[in-house]
file data-v9.csv (CSV, C-alpha atoms)
chain,number,residue,atom,x,y,z
Q,1,MET,CA,174.3,80.7,76.6
Q,2,THR,CA,177.7,81.3,78.1
Q,3,ASP,CA,180.7,79.1,77.3
Q,4,THR,CA,181.0,76.4,79.9
Q,5,GLY,CA,184.7,75.8,79.4
Q,6,VAL,CA,184.3,72.0,79.8
Q,7,ALA,CA,185.7,69.6,77.2
Q,8,ILE,CA,184.7,66.0,77.4
Q,9,ASP,CA,186.2,63.2,75.2
Q,10,VAL,CA,183.3,60.8,74.7
Q,11,PRO,CA,182.6,58.0,72.1
Q,12,PHE,CA,179.2,59.5,71.1
Q,13,ALA,CA,177.8,62.7,69.7
Q,14,VAL,CA,175.0,64.6,71.4
Q,15,TYR,CA,172.1,65.9,69.2
Q,16,ASP,CA,168.7,67.3,69.9
Q,17,ARG,CA,167.4,65.0,72.7
Q,18,ALA,CA,169.3,62.1,71.2
Q,19,VAL,CA,172.8,60.6,70.8
Q,20,PHE,CA,174.7,59.1,68.0
Q,21,VAL,CA,177.3,56.3,68.5
Q,22,PRO,CA,179.6,56.4,65.5
Q,23,ALA,CA,181.4,53.1,66.2
Q,24,ALA,CA,178.0,51.3,66.0
Q,25,GLU,CA,176.4,53.7,63.4
Q,26,THR,CA,173.5,53.9,65.8
Q,27,LEU,CA,171.1,56.7,66.8
Q,28,VAL,CA,169.6,56.3,70.2
Q,29,LEU,CA,166.6,58.3,71.6
Q,30,ALA,CA,164.4,57.6,74.6
Q,31,ASP,CA,161.0,58.4,76.0
Q,32,VAL,CA,159.1,59.2,72.8
Q,33,HIS,CA,155.8,58.7,74.7
Q,34,LEU,CA,153.5,58.6,71.6
Q,35,GLY,CA,150.0,59.0,72.8
Q,36,LYS,CA,150.9,61.4,75.7
Q,37,ALA,CA,149.0,64.3,74.1
Q,38,ALA,CA,145.9,62.2,73.6
Q,39,ALA,CA,146.0,60.7,77.1
Q,40,SER,CA,146.3,64.1,78.7
Q,41,SER,CA,143.3,66.1,79.9
Q,42,VAL,CA,145.1,69.3,78.9
Q,43,ASP,CA,145.3,70.5,75.3
Q,44,ALA,CA,148.7,69.8,74.0
Q,45,PRO,CA,150.6,72.8,72.5
Q,46,ILE,CA,151.9,70.8,69.6
Q,47,ASP,CA,151.0,67.8,67.4
Q,48,ASP,CA,153.4,65.5,69.1
Q,49,GLY,CA,153.3,62.8,66.5
Q,50,THR,CA,154.2,65.2,63.7
Q,51,ASP,CA,156.8,66.9,65.8
Q,52,VAL,CA,158.5,63.6,66.7
Q,53,CYS,CA,158.6,62.4,63.2
Q,54,ASP,CA,159.9,65.7,61.8
Q,55,ARG,CA,162.7,65.9,64.3
Q,56,LEU,CA,163.6,62.3,63.9
Q,57,ALA,CA,163.8,62.8,60.1
Q,58,ASP,CA,166.2,65.7,60.7
Q,59,LEU,CA,168.4,63.5,63.0
Q,60,LEU,CA,168.5,60.7,60.4
Q,61,ALA,CA,169.6,63.1,57.8
Q,62,ALA,CA,172.3,64.5,60.0
Q,63,THR,CA,173.7,61.1,61.3
Q,64,GLU,CA,172.9,58.6,58.6
Q,65,PRO,CA,172.6,55.7,61.0
Q,66,SER,CA,172.3,52.0,60.1
Q,67,THR,CA,170.3,51.4,63.3
Q,68,VAL,CA,167.8,53.4,65.3
Q,69,VAL,CA,167.2,52.3,68.9
Q,70,ILE,CA,164.5,53.6,71.2
Q,71,ALA,CA,165.6,53.3,74.9
Q,72,GLY,CA,162.2,52.7,76.2
Q,73,ASP,CA,158.8,54.3,76.5
Q,74,LEU,CA,158.1,54.5,72.8
Q,75,LEU,CA,154.4,54.6,73.8
Q,76,ASP,CA,152.5,56.3,76.6
Q,77,SER,CA,149.9,53.6,77.4
Q,78,PHE,CA,149.1,51.2,80.2
Q,79,SER,CA,145.7,49.7,79.6
Q,80,ARG,CA,144.7,51.0,76.1
Q,81,LEU,CA,146.1,52.6,73.0
Q,82,PRO,CA,145.3,56.4,73.0
Q,83,HIS,CA,143.6,57.7,69.8
Q,84,GLY,CA,146.0,58.3,67.0
Q,85,VAL,CA,148.9,56.3,68.4
Q,86,GLU,CA,148.9,53.6,65.8
Q,87,ARG,CA,148.9,56.2,63.0
Q,88,ASP,CA,151.7,58.2,64.6
Q,89,LEU,CA,153.7,55.0,65.2
Q,90,GLU,CA,153.3,53.9,61.5
Q,91,ARG,CA,154.5,57.4,60.4
Q,92,LEU,CA,157.6,57.1,62.7
Q,93,ILE,CA,158.4,53.6,61.3
Q,94,ASP,CA,158.0,55.0,57.8
Q,95,VAL,CA,160.5,57.7,58.6
Q,96,VAL,CA,163.1,55.1,59.7
Q,97,ASN,CA,162.3,52.8,56.8
Q,98,ALA,CA,162.8,55.6,54.3
Q,99,VAL,CA,166.5,55.7,55.2
Q,100,GLU,CA,166.7,51.9,55.3
Q,101,ALA,CA,167.8,51.8,58.9
Q,102,GLU,CA,167.1,48.9,61.3
Q,103,PHE,CA,164.5,49.9,64.0
Q,104,VAL,CA,164.8,48.4,67.5
Q,105,VAL,CA,162.7,49.1,70.7
Q,106,THR,CA,163.8,48.3,74.2
Q,107,PRO,CA,160.5,48.4,76.1
Q,108,GLY,CA,160.1,50.7,79.0
Q,109,ASN,CA,157.6,50.8,81.9
Q,110,HIS,CA,155.1,52.8,79.8
Q,111,ASP,CA,155.2,50.2,77.0
Q,112,THR,CA,152.7,47.7,78.4
Q,113,MET,CA,150.7,47.9,75.1
Q,114,LEU,CA,153.7,47.8,72.8
Q,115,GLU,CA,152.9,44.3,71.4
Q,116,ALA,CA,149.4,45.5,70.4
Q,117,ALA,CA,150.8,48.3,68.2
Q,118,PHE,CA,154.4,47.2,67.2
Q,119,ASP,CA,155.5,44.0,65.6
Q,120,GLY,CA,159.1,45.0,64.9
Q,121,GLU,CA,162.3,44.0,66.8
Q,122,THR,CA,162.3,44.4,70.5
Q,123,ALA,CA,164.9,43.6,73.2
Q,124,LEU,CA,164.9,44.3,76.9
Q,125,GLU,CA,168.6,45.1,76.6
Q,126,TYR,CA,170.1,45.8,73.1
Q,127,GLU,CA,173.9,45.4,72.6
Q,128,LEU,CA,175.3,47.8,70.0
Q,129,ALA,CA,177.6,46.7,67.2
Q,130,ASP,CA,180.6,48.5,68.9
Q,131,GLY,CA,180.7,45.7,71.5
Q,132,GLU,CA,180.8,48.1,74.3
Q,133,THR,CA,177.4,49.7,74.6
Q,134,VAL,CA,174.0,48.3,75.9
Q,135,VAL,CA,170.8,50.3,75.5
Q,136,CYS,CA,167.9,49.7,77.8
Q,137,HIS,CA,165.2,51.9,79.4
Q,138,GLY,CA,166.8,52.0,82.8
Q,139,HIS,CA,163.9,51.4,85.0
Q,140,GLU,CA,165.4,48.1,86.2
Q,141,ARG,CA,169.0,47.0,86.8
Q,142,PRO,CA,170.5,45.6,83.6
Q,143,GLU,CA,171.5,41.9,83.4
Q,144,THR,CA,173.9,42.4,80.5
Q,145,THR,CA,177.4,43.4,81.4
Q,146,ALA,CA,178.7,46.4,79.4
Q,147,ASP,CA,181.3,49.1,79.3
Q,148,ARG,CA,178.6,51.7,78.8
Q,149,TYR,CA,174.8,51.8,79.3
Q,150,VAL,CA,172.5,54.2,77.5
Q,151,VAL,CA,169.2,54.7,79.3
Q,152,GLY,CA,166.2,57.0,79.5
Q,153,HIS,CA,163.4,57.0,82.1
Q,154,ASP,CA,164.3,60.1,84.2
Q,155,HIS,CA,163.8,62.8,81.6
Q,156,PRO,CA,166.8,64.9,82.8
Q,157,ALA,CA,166.8,68.7,82.3
Q,158,LEU,CA,169.2,71.4,83.5
Q,159,SER,CA,168.1,74.8,84.7
Q,160,ILE,CA,170.4,77.5,83.3
Q,161,GLU,CA,169.8,81.2,83.9
Q,162,GLY,CA,166.2,80.6,84.8
Q,163,ARG,CA,165.5,78.4,81.7
Q,164,LYS,CA,165.1,74.7,81.8
Q,165,ARG,CA,166.7,72.7,79.0
Q,166,PRO,CA,166.7,69.0,78.3
Q,167,CYS,CA,170.1,67.6,78.9
Q,168,VAL,CA,172.2,64.4,78.6
Q,169,LEU,CA,173.8,63.2,81.8
Q,170,TYR,CA,177.1,61.3,81.4
Q,171,GLY,CA,178.6,59.4,84.4
Q,172,PRO,CA,182.0,57.8,83.8
Q,173,ASP,CA,182.4,54.6,85.8
Q,174,ALA,CA,179.0,55.4,87.5
Q,175,TYR,CA,177.5,51.9,87.6
Q,176,GLU,CA,179.6,49.0,88.7
Q,177,GLY,CA,182.5,50.4,86.8
Q,178,ALA,CA,180.5,51.1,83.6
Q,179,ASP,CA,179.8,54.5,82.1
Q,180,VAL,CA,176.1,55.6,82.2
Q,181,LEU,CA,174.5,57.9,79.7
Q,182,VAL,CA,171.0,59.2,80.6
Q,183,LEU,CA,169.0,60.7,77.8
Q,184,PRO,CA,166.4,63.4,78.0
Q,185,ALA,CA,162.8,62.6,76.8
Q,186,PHE,CA,162.5,62.9,73.0
Q,187,THR,CA,159.0,64.2,73.3
Q,188,ARG,CA,158.7,67.9,73.9
Q,189,LEU,CA,155.6,67.3,76.0
Q,190,ALA,CA,157.6,66.0,78.9
Q,191,ALA,CA,158.6,68.8,81.3
Q,192,GLY,CA,161.7,67.1,82.4
Q,193,ALA,CA,163.2,66.5,85.9
Q,194,THR,CA,165.4,69.4,86.9
Q,195,VAL,CA,168.7,67.7,87.9
Q,196,ASN,CA,170.5,70.7,89.4
Q,197,GLY,CA,169.6,69.8,93.0
Q,198,MET,CA,168.7,66.1,92.6
Q,199,ALA,CA,170.3,63.5,94.9
Q,200,GLY,CA,170.7,59.8,94.1
Q,201,ARG,CA,167.4,59.0,95.8
Q,202,ASP,CA,165.6,61.4,93.5
Q,203,PHE,CA,166.4,59.5,90.4
Q,204,GLN,CA,164.1,56.7,89.4
Q,205,THR,CA,166.8,54.7,87.5
Q,206,PRO,CA,168.9,52.4,89.7
Q,207,LEU,CA,171.9,53.2,87.4
Q,208,VAL,CA,172.3,56.6,88.9
Q,209,ARG,CA,173.5,56.2,92.5
Q,210,ASN,CA,175.6,59.3,93.0
Q,211,PRO,CA,174.7,62.1,90.5
Q,212,ASP,CA,177.5,64.3,91.7
Q,213,GLY,CA,179.9,62.8,89.2
Q,214,PHE,CA,177.6,63.1,86.2
Q,215,TYR,CA,178.4,65.7,83.5
Q,216,PRO,CA,175.4,67.4,82.0
Q,217,ALA,CA,175.4,68.3,78.3
Q,218,VAL,CA,173.0,70.6,76.5
Q,219,HIS,CA,172.5,70.8,72.7
Q,220,ASP,CA,172.5,74.4,71.7
Q,221,ASP,CA,170.1,74.9,68.9
Q,222,SER,CA,171.5,78.3,67.9
Q,223,SER,CA,175.0,77.0,67.2
Q,224,SER,CA,174.2,73.3,66.8
Q,225,GLU,CA,177.0,72.6,69.3
Q,226,THR,CA,177.1,70.5,72.5
Q,227,LEU,CA,177.8,72.4,75.6
Q,228,TRP,CA,179.3,70.4,78.4
Q,229,PHE,CA,179.1,71.5,82.0
Q,230,PRO,CA,181.1,70.5,85.1
Q,231,PRO,CA,179.8,67.5,87.0
Q,232,LEU,CA,176.6,68.1,89.1
Q,233,GLY,CA,178.5,68.1,92.4
Q,234,LYS,CA,180.6,71.0,91.3
Q,235,LEU,CA,177.9,72.7,89.1
Q,236,ARG,CA,175.5,73.1,92.0
Q,237,LYS,CA,178.0,75.5,93.6
Q,238,LEU,CA,178.3,77.5,90.4
Q,239,LEU,CA,174.7,78.0,89.3
call {"tool": "encode", "arguments": {"input": "data-v9.csv", "output": "structure tokens"}}
result
Amino acid sequence: MTDTGVAIDVPFAVYDRAVFVPAAETLVLADVHLGKAAASSVDAPIDDGTDVCDRLADLLAATEPSTVVIAGDLLDSFSRLPHGVERDLERLIDVVNAVEAEFVVTPGNHDTMLEAAFDGETALEYELADGETVVCHGHERPETTADRYVVGHDHPALSIEGRKRPCVLYGPDAYEGADVLVLPAFTRLAAGATVNGMAGRDFQTPLVRNPDGFYPAVHDDSSSETLWFPPLGKLRKLL
């Protein structure tokens, strides 16, 4: 991947489909969608439960957080729990417990069966220990005032040289003067919404009104570095 030449000073670190907030010692990921493979009529190319747990374990080893927060859609269920979800969820919780981190879920629109499978800590909007950041799923307008919101819901991806890559979107002062950070789906079974040509009306979250000012960031697996791109309004003219 070519050098983007964009340097962004942000109070978080971008990892593989997740972010780490050092000031709060918190790892945040969104849209895990456990059960998506079982609920699909198409054979999944990966064992999503194992894949999620393995990648989360790698992130925990790299960041050593005191708290792990799911920004919504931990599950992929509306009326019933797909086969294997409770097993996969138990394994995921074990991975977090193994590093003695607190585990918090902010329910998303796909988490209608969350209470049937999860008896841990939940909060519609979770304030991080840095006193600046609120995590929520992003499908509704937040009620808590914050300097920064971290959300999921839209599964952003960036098309680069014909290849679609999951990306983080960072919008300074994007929502009522607060910064907005939109995370990609943590599950690799989600295709992702290609943000290159998306307008505000194309986003499902009400926190993205004008995406032109949002900076995409892609985690480069080959170098383990974060590649920042110009804001979408400018980037559309370059790609």
call {"tool": "closest_atom_pairs", "arguments": {"input": "data-v9.csv", "of": "segment 168-199 of chain Q", "to": "segment 144-157 of chain Q", "cutoff": "7 Å", "atoms": "all atoms listed in the file", "output": "JSON lines"}}
result
{"residue": "Q:Val168", "atom": "CA", "partner": "Q:Pro156", "partner_atom": "CA", "distance": 6.9}
{"residue": "Q:Ala178", "atom": "CA", "partner": "Q:Asp147", "partner_atom": "CA", "distance": 4.8}
{"residue": "Q:Asp179", "atom": "CA", "partner": "Q:Arg148", "partner_atom": "CA", "distance": 4.5}
{"residue": "Q:Val180", "atom": "CA", "partner": "Q:Tyr149", "partner_atom": "CA", "distance": 5.0}
{"residue": "Q:Leu181", "atom": "CA", "partner": "Q:Val150", "partner_atom": "CA", "distance": 4.7}
{"residue": "Q:Val182", "atom": "CA", "partner": "Q:Val151", "partner_atom": "CA", "distance": 5.0}
{"residue": "Q:Leu183", "atom": "CA", "partner": "Q:Gly152", "partner_atom": "CA", "distance": 4.9}
{"residue": "Q:Pro184", "atom": "CA", "partner": "Q:His155", "partner_atom": "CA", "distance": 4.5}
{"residue": "Q:Ala185", "atom": "CA", "partner": "Q:His155", "partner_atom": "CA", "distance": 4.9}
{"residue": "Q:Gly192", "atom": "CA", "partner": "Q:His155", "partner_atom": "CA", "distance": 4.9}
{"residue": "Q:Ala193", "atom": "CA", "partner": "Q:Pro156", "partner_atom": "CA", "distance": 5.0}
{"residue": "Q:Thr194", "atom": "CA", "partner": "Q:Ala157", "partner_atom": "CA", "distance": 4.9}
{"residue": "Q:Val195", "atom": "CA", "partner": "Q:Ala157", "partner_atom": "CA", "distance": 6.0}
call {"tool": "closest_atom_pairs", "arguments": {"input": "data-v9.csv", "of": "segment 42-100 of chain Q", "to": "segment 113-125 of chain Q", "cutoff": "10 Å", "atoms": "only C-alpha atoms", "output": "CSV"}}
result
residue,atom,partner,partner_atom,distance
Q:Val69,CA,Q:Thr122,CA,9.4
Q:Ile70,CA,Q:Thr122,CA,9.5
Q:Ala71,CA,Q:Glu125,CA,8.9
Q:Gly72,CA,Q:Leu124,CA,8.9
Q:Asp73,CA,Q:Leu114,CA,9.1
Q:Leu74,CA,Q:Leu114,CA,8.0
Q:Leu75,CA,Q:Leu114,CA,6.9
Q:Asp76,CA,Q:Met113,CA,8.7
Q:Ser77,CA,Q:Met113,CA,6.2
Q:Phe78,CA,Q:Met113,CA,6.3
Q:Ser79,CA,Q:Met113,CA,7.0
Q:Arg80,CA,Q:Met113,CA,6.8
Q:Leu81,CA,Q:Met113,CA,6.9
Q:Val85,CA,Q:Ala117,CA,8.2
Q:Glu86,CA,Q:Ala117,CA,6.1
Q:Arg87,CA,Q:Ala117,CA,9.6
Q:Leu89,CA,Q:Ala117,CA,7.9
Q:Glu90,CA,Q:Phe118,CA,8.9
Q:Ile93,CA,Q:Gly120,CA,9.3
call {"tool": "atom_distance", "arguments": {"input": "data-v9.csv", "atom1": "atom CA of Val21 of chain Q", "atom2": "atom CA of Gln204 of chain Q"}}
result
24.7 Å
call {"tool": "closest_residue", "arguments": {"input": "data-v9.csv", "among": "Q:Val135, Q:Val14, Q:Val104, Q:Val96", "to": "Leu169 of chain Q", "atoms": "all atoms listed in the file"}}
result
Q:Val14
call {"tool": "closest_residue", "arguments": {"input": "data-v9.csv", "among": "Q:His83, Q:Glu25, Q:Gly177, Q:Arg201", "to": "Glu64 of chain Q", "atoms": "all atoms listed in the file"}}
result
Q:Glu25
call {"tool": "closest_residue", "arguments": {"input": "data-v9.csv", "among": "Q:His33, Q:Arg163, Q:Arg17, Q:Lys234", "to": "Leu56 of chain Q", "atoms": "only C-alpha atoms"}}
result
Q:Arg17
call {"tool": "residues_around", "arguments": {"input": "data-v9.csv", "residues": "Asp130 of chain Q", "least_positions_apart": "4", "cutoff": "10 Å", "atoms": "only C-alpha atoms", "output": "list of chain:residue names"}}
result
Q:Val21, Q:Pro22, Q:Ala23, Q:Ala24, Q:Glu25, Q:Thr26, Q:Val134
call {"tool": "write_last_selection", "arguments": {"input": "data-v9.csv", "atoms": "C-alpha atoms", "output": "compact mmCIF listing (two decimals), in the frame of the given file"}}
result
# COMPACT_ATOMS: atom_id res chain seq x y z
CA VAL Q 21 177.30 56.30 68.50
CA PRO Q 22 179.60 56.40 65.50
CA ALA Q 23 181.40 53.10 66.20
CA ALA Q 24 178.00 51.30 66.00
CA GLU Q 25 176.40 53.70 63.40
CA THR Q 26 173.50 53.90 65.80
CA VAL Q 134 174.00 48.30 75.90
call {"tool": "closest_residue", "arguments": {"input": "data-v9.csv", "among": "Q:Ala191, Q:Leu27, Q:Ile8, Q:Leu227", "to": "Asp58 of chain Q", "atoms": "only C-alpha atoms"}}
result
Q:Leu27
call {"tool": "closest_residue", "arguments": {"input": "data-v9.csv", "among": "Q:Asp16, Q:Leu207, Q:Tyr170, Q:Asp202", "to": "Trp228 of chain Q", "atoms": "all atoms listed in the file"}}
result
Q:Tyr170
call {"tool": "closest_residue", "arguments": {"input": "data-v9.csv", "among": "Q:Val95, Q:Leu235, Q:Val208, Q:Ala129", "to": "Ser159 of chain Q", "atoms": "all atoms listed in the file"}}
result
Q:Leu235
call {"tool": "atom_distance", "arguments": {"input": "data-v9.csv", "atom1": "atom CA of Cys167 of chain Q", "atom2": "atom CA of Leu34 of chain Q"}}
result
20.2 Å
call {"tool": "atom_distance", "arguments": {"input": "data-v9.csv", "atom1": "atom CA of Ala30 of chain Q", "atom2": "atom CA of His137 of chain Q"}}
result
7.5 Å
call {"tool": "residues_around", "arguments": {"input": "data-v9.csv", "residues": "Asp48 of chain Q", "least_positions_apart": "3", "cutoff": "9 Å", "atoms": "all atoms listed in the file", "output": "JSON, numbers by chain"}}
result
{"Q": [34, 35, 36, 37, 44, 45, 51, 52, 53, 88, 187, 188, 189]}
call {"tool": "build_atoms", "arguments": {"input": "data-v9.csv", "residues": "segment 133-159 of chain Q", "atoms": "N, CA, C and O atoms", "output": "JSON list (two decimals), in the coordinates of the input"}}
result
[["chain", "number", "residue", "atom", "x", "y", "z"],
["Q", 133, "THR", "N", 178.51, 48.94, 74.17],
["Q", 133, "THR", "CA", 177.40, 49.70, 74.60],
["Q", 133, "THR", "C", 176.10, 48.86, 74.67],
["Q", 133, "THR", "O", 175.81, 48.13, 73.72],
["Q", 134, "VAL", "N", 175.35, 48.98, 75.76],
["Q", 134, "VAL", "CA", 174.00, 48.30, 75.90],
["Q", 134, "VAL", "C", 173.00, 49.43, 76.10],
["Q", 134, "VAL", "O", 173.18, 50.32, 76.93],
["Q", 135, "VAL", "N", 171.91, 49.33, 75.35],
["Q", 135, "VAL", "CA", 170.80, 50.30, 75.50],
["Q", 135, "VAL", "C", 169.64, 49.58, 76.17],
["Q", 135, "VAL", "O", 169.28, 48.45, 75.81],
["Q", 136, "CYS", "N", 169.08, 50.23, 77.16],
["Q", 136, "CYS", "CA", 167.90, 49.70, 77.80],
["Q", 136, "CYS", "C", 167.14, 50.95, 78.40],
["Q", 136, "CYS", "O", 167.68, 52.07, 78.38],
["Q", 137, "HIS", "N", 165.95, 50.73, 78.90],
["Q", 137, "HIS", "CA", 165.20, 51.90, 79.40],
["Q", 137, "HIS", "C", 165.76, 52.44, 80.68],
["Q", 137, "HIS", "O", 165.77, 53.66, 80.88],
["Q", 138, "GLY", "N", 166.22, 51.57, 81.55],
["Q", 138, "GLY", "CA", 166.80, 52.00, 82.80],
["Q", 138, "GLY", "C", 165.97, 52.01, 84.00],
["Q", 138, "GLY", "O", 166.39, 52.43, 85.08],
["Q", 139, "HIS", "N", 164.74, 51.48, 83.87],
["Q", 139, "HIS", "CA", 163.90, 51.40, 85.00],
["Q", 139, "HIS", "C", 164.18, 50.22, 85.92],
["Q", 139, "HIS", "O", 163.69, 50.14, 87.05],
["Q", 140, "GLU", "N", 164.99, 49.30, 85.40],
["Q", 140, "GLU", "CA", 165.40, 48.10, 86.20],
["Q", 140, "GLU", "C", 166.94, 47.96, 85.98],
["Q", 140, "GLU", "O", 167.53, 48.47, 85.03],
["Q", 141, "ARG", "N", 167.54, 47.23, 86.90],
["Q", 141, "ARG", "CA", 169.00, 47.00, 86.80],
["Q", 141, "ARG", "C", 169.23, 46.08, 85.56],
["Q", 141, "ARG", "O", 168.55, 45.06, 85.38],
["Q", 142, "PRO", "N", 170.21, 46.42, 84.74],
["Q", 142, "PRO", "CA", 170.50, 45.60, 83.60],
["Q", 142, "PRO", "C", 171.14, 44.27, 83.95],
["Q", 142, "PRO", "O", 171.89, 44.19, 84.94],
["Q", 143, "GLU", "N", 170.85, 43.24, 83.18],
["Q", 143, "GLU", "CA", 171.50, 41.90, 83.40],
["Q", 143, "GLU", "C", 172.70, 41.75, 82.52],
["Q", 143, "GLU", "O", 173.57, 40.94, 82.83],
["Q", 144, "THR", "N", 172.77, 42.49, 81.42],
["Q", 144, "THR", "CA", 173.90, 42.40, 80.50],
["Q", 144, "THR", "C", 175.05, 43.24, 80.96],
["Q", 144, "THR", "O", 174.88, 44.42, 81.28],
["Q", 145, "THR", "N", 176.24, 42.67, 81.01],
["Q", 145, "THR", "CA", 177.40, 43.40, 81.40],
["Q", 145, "THR", "C", 177.92, 44.24, 80.19],
["Q", 145, "THR", "O", 177.97, 43.76, 79.06],
["Q", 146, "ALA", "N", 178.27, 45.50, 80.44],
["Q", 146, "ALA", "CA", 178.70, 46.40, 79.40],
["Q", 146, "ALA", "C", 179.71, 47.39, 79.89],
["Q", 146, "ALA", "O", 179.83, 47.61, 81.10],
["Q", 147, "ASP", "N", 180.44, 48.00, 78.96],
["Q", 147, "ASP", "CA", 181.30, 49.10, 79.30],
["Q", 147, "ASP", "C", 180.54, 50.41, 79.46],
["Q", 147, "ASP", "O", 180.98, 51.33, 80.15],
["Q", 148, "ARG", "N", 179.37, 50.44, 78.80],
["Q", 148, "ARG", "CA", 178.60, 51.70, 78.80],
["Q", 148, "ARG", "C", 177.10, 51.32, 78.66],
["Q", 148, "ARG", "O", 176.72, 50.45, 77.88],
["Q", 149, "TYR", "N", 176.28, 52.00, 79.44],
["Q", 149, "TYR", "CA", 174.80, 51.80, 79.30],
["Q", 149, "TYR", "C", 174.21, 53.17, 78.90],
["Q", 149, "TYR", "O", 174.56, 54.23, 79.41],
["Q", 150, "VAL", "N", 173.29, 53.07, 77.94],
["Q", 150, "VAL", "CA", 172.50, 54.20, 77.50],
["Q", 150, "VAL", "C", 171.07, 54.01, 77.89],
["Q", 150, "VAL", "O", 170.46, 53.02, 77.47],
["Q", 151, "VAL", "N", 170.53, 54.91, 78.70],
["Q", 151, "VAL", "CA", 169.20, 54.70, 79.30],
["Q", 151, "VAL", "C", 168.38, 56.02, 79.15],
["Q", 151, "VAL", "O", 168.91, 57.08, 78.83],
["Q", 152, "GLY", "N", 167.09, 55.89, 79.44],
["Q", 152, "GLY", "CA", 166.20, 57.00, 79.50],
["Q", 152, "GLY", "C", 165.58, 57.08, 80.91],
["Q", 152, "GLY", "O", 166.24, 57.06, 81.92],
["Q", 153, "HIS", "N", 164.26, 57.16, 80.92],
["Q", 153, "HIS", "CA", 163.40, 57.00, 82.10],
["Q", 153, "HIS", "C", 163.27, 58.24, 82.98],
["Q", 153, "HIS", "O", 162.17, 58.57, 83.40],
["Q", 154, "ASP", "N", 164.35, 58.96, 83.26],
["Q", 154, "ASP", "CA", 164.30, 60.10, 84.20],
["Q", 154, "ASP", "C", 163.99, 61.44, 83.58],
["Q", 154, "ASP", "O", 163.73, 62.41, 84.30],
["Q", 155, "HIS", "N", 164.09, 61.56, 82.26],
["Q", 155, "HIS", "CA", 163.80, 62.80, 81.60],
["Q", 155, "HIS", "C", 164.64, 63.98, 82.13],
["Q", 155, "HIS", "O", 164.10, 65.03, 82.52],
["Q", 156, "PRO", "N", 165.97, 63.88, 82.20],
["Q", 156, "PRO", "CA", 166.80, 64.90, 82.80],
["Q", 156, "PRO", "C", 166.70, 66.27, 82.08],
["Q", 156, "PRO", "O", 166.65, 66.32, 80.85],
["Q", 157, "ALA", "N", 166.73, 67.34, 82.86],
["Q", 157, "ALA", "CA", 166.80, 68.70, 82.30],
["Q", 157, "ALA", "C", 167.63, 69.54, 83.26],
["Q", 157, "ALA", "O", 167.73, 69.27, 84.46],
["Q", 158, "LEU", "N", 168.27, 70.55, 82.70],
["Q", 158, "LEU", "CA", 169.20, 71.40, 83.50],
["Q", 158, "LEU", "C", 168.61, 72.84, 83.45],
["Q", 158, "LEU", "O", 168.26, 73.38, 82.40],
["Q", 159, "SER", "N", 168.52, 73.44, 84.62],
["Q", 159, "SER", "CA", 168.10, 74.80, 84.70],
["Q", 159, "SER", "C", 169.28, 75.76, 84.61],
["Q", 159, "SER", "O", 170.19, 75.70, 85.43]]
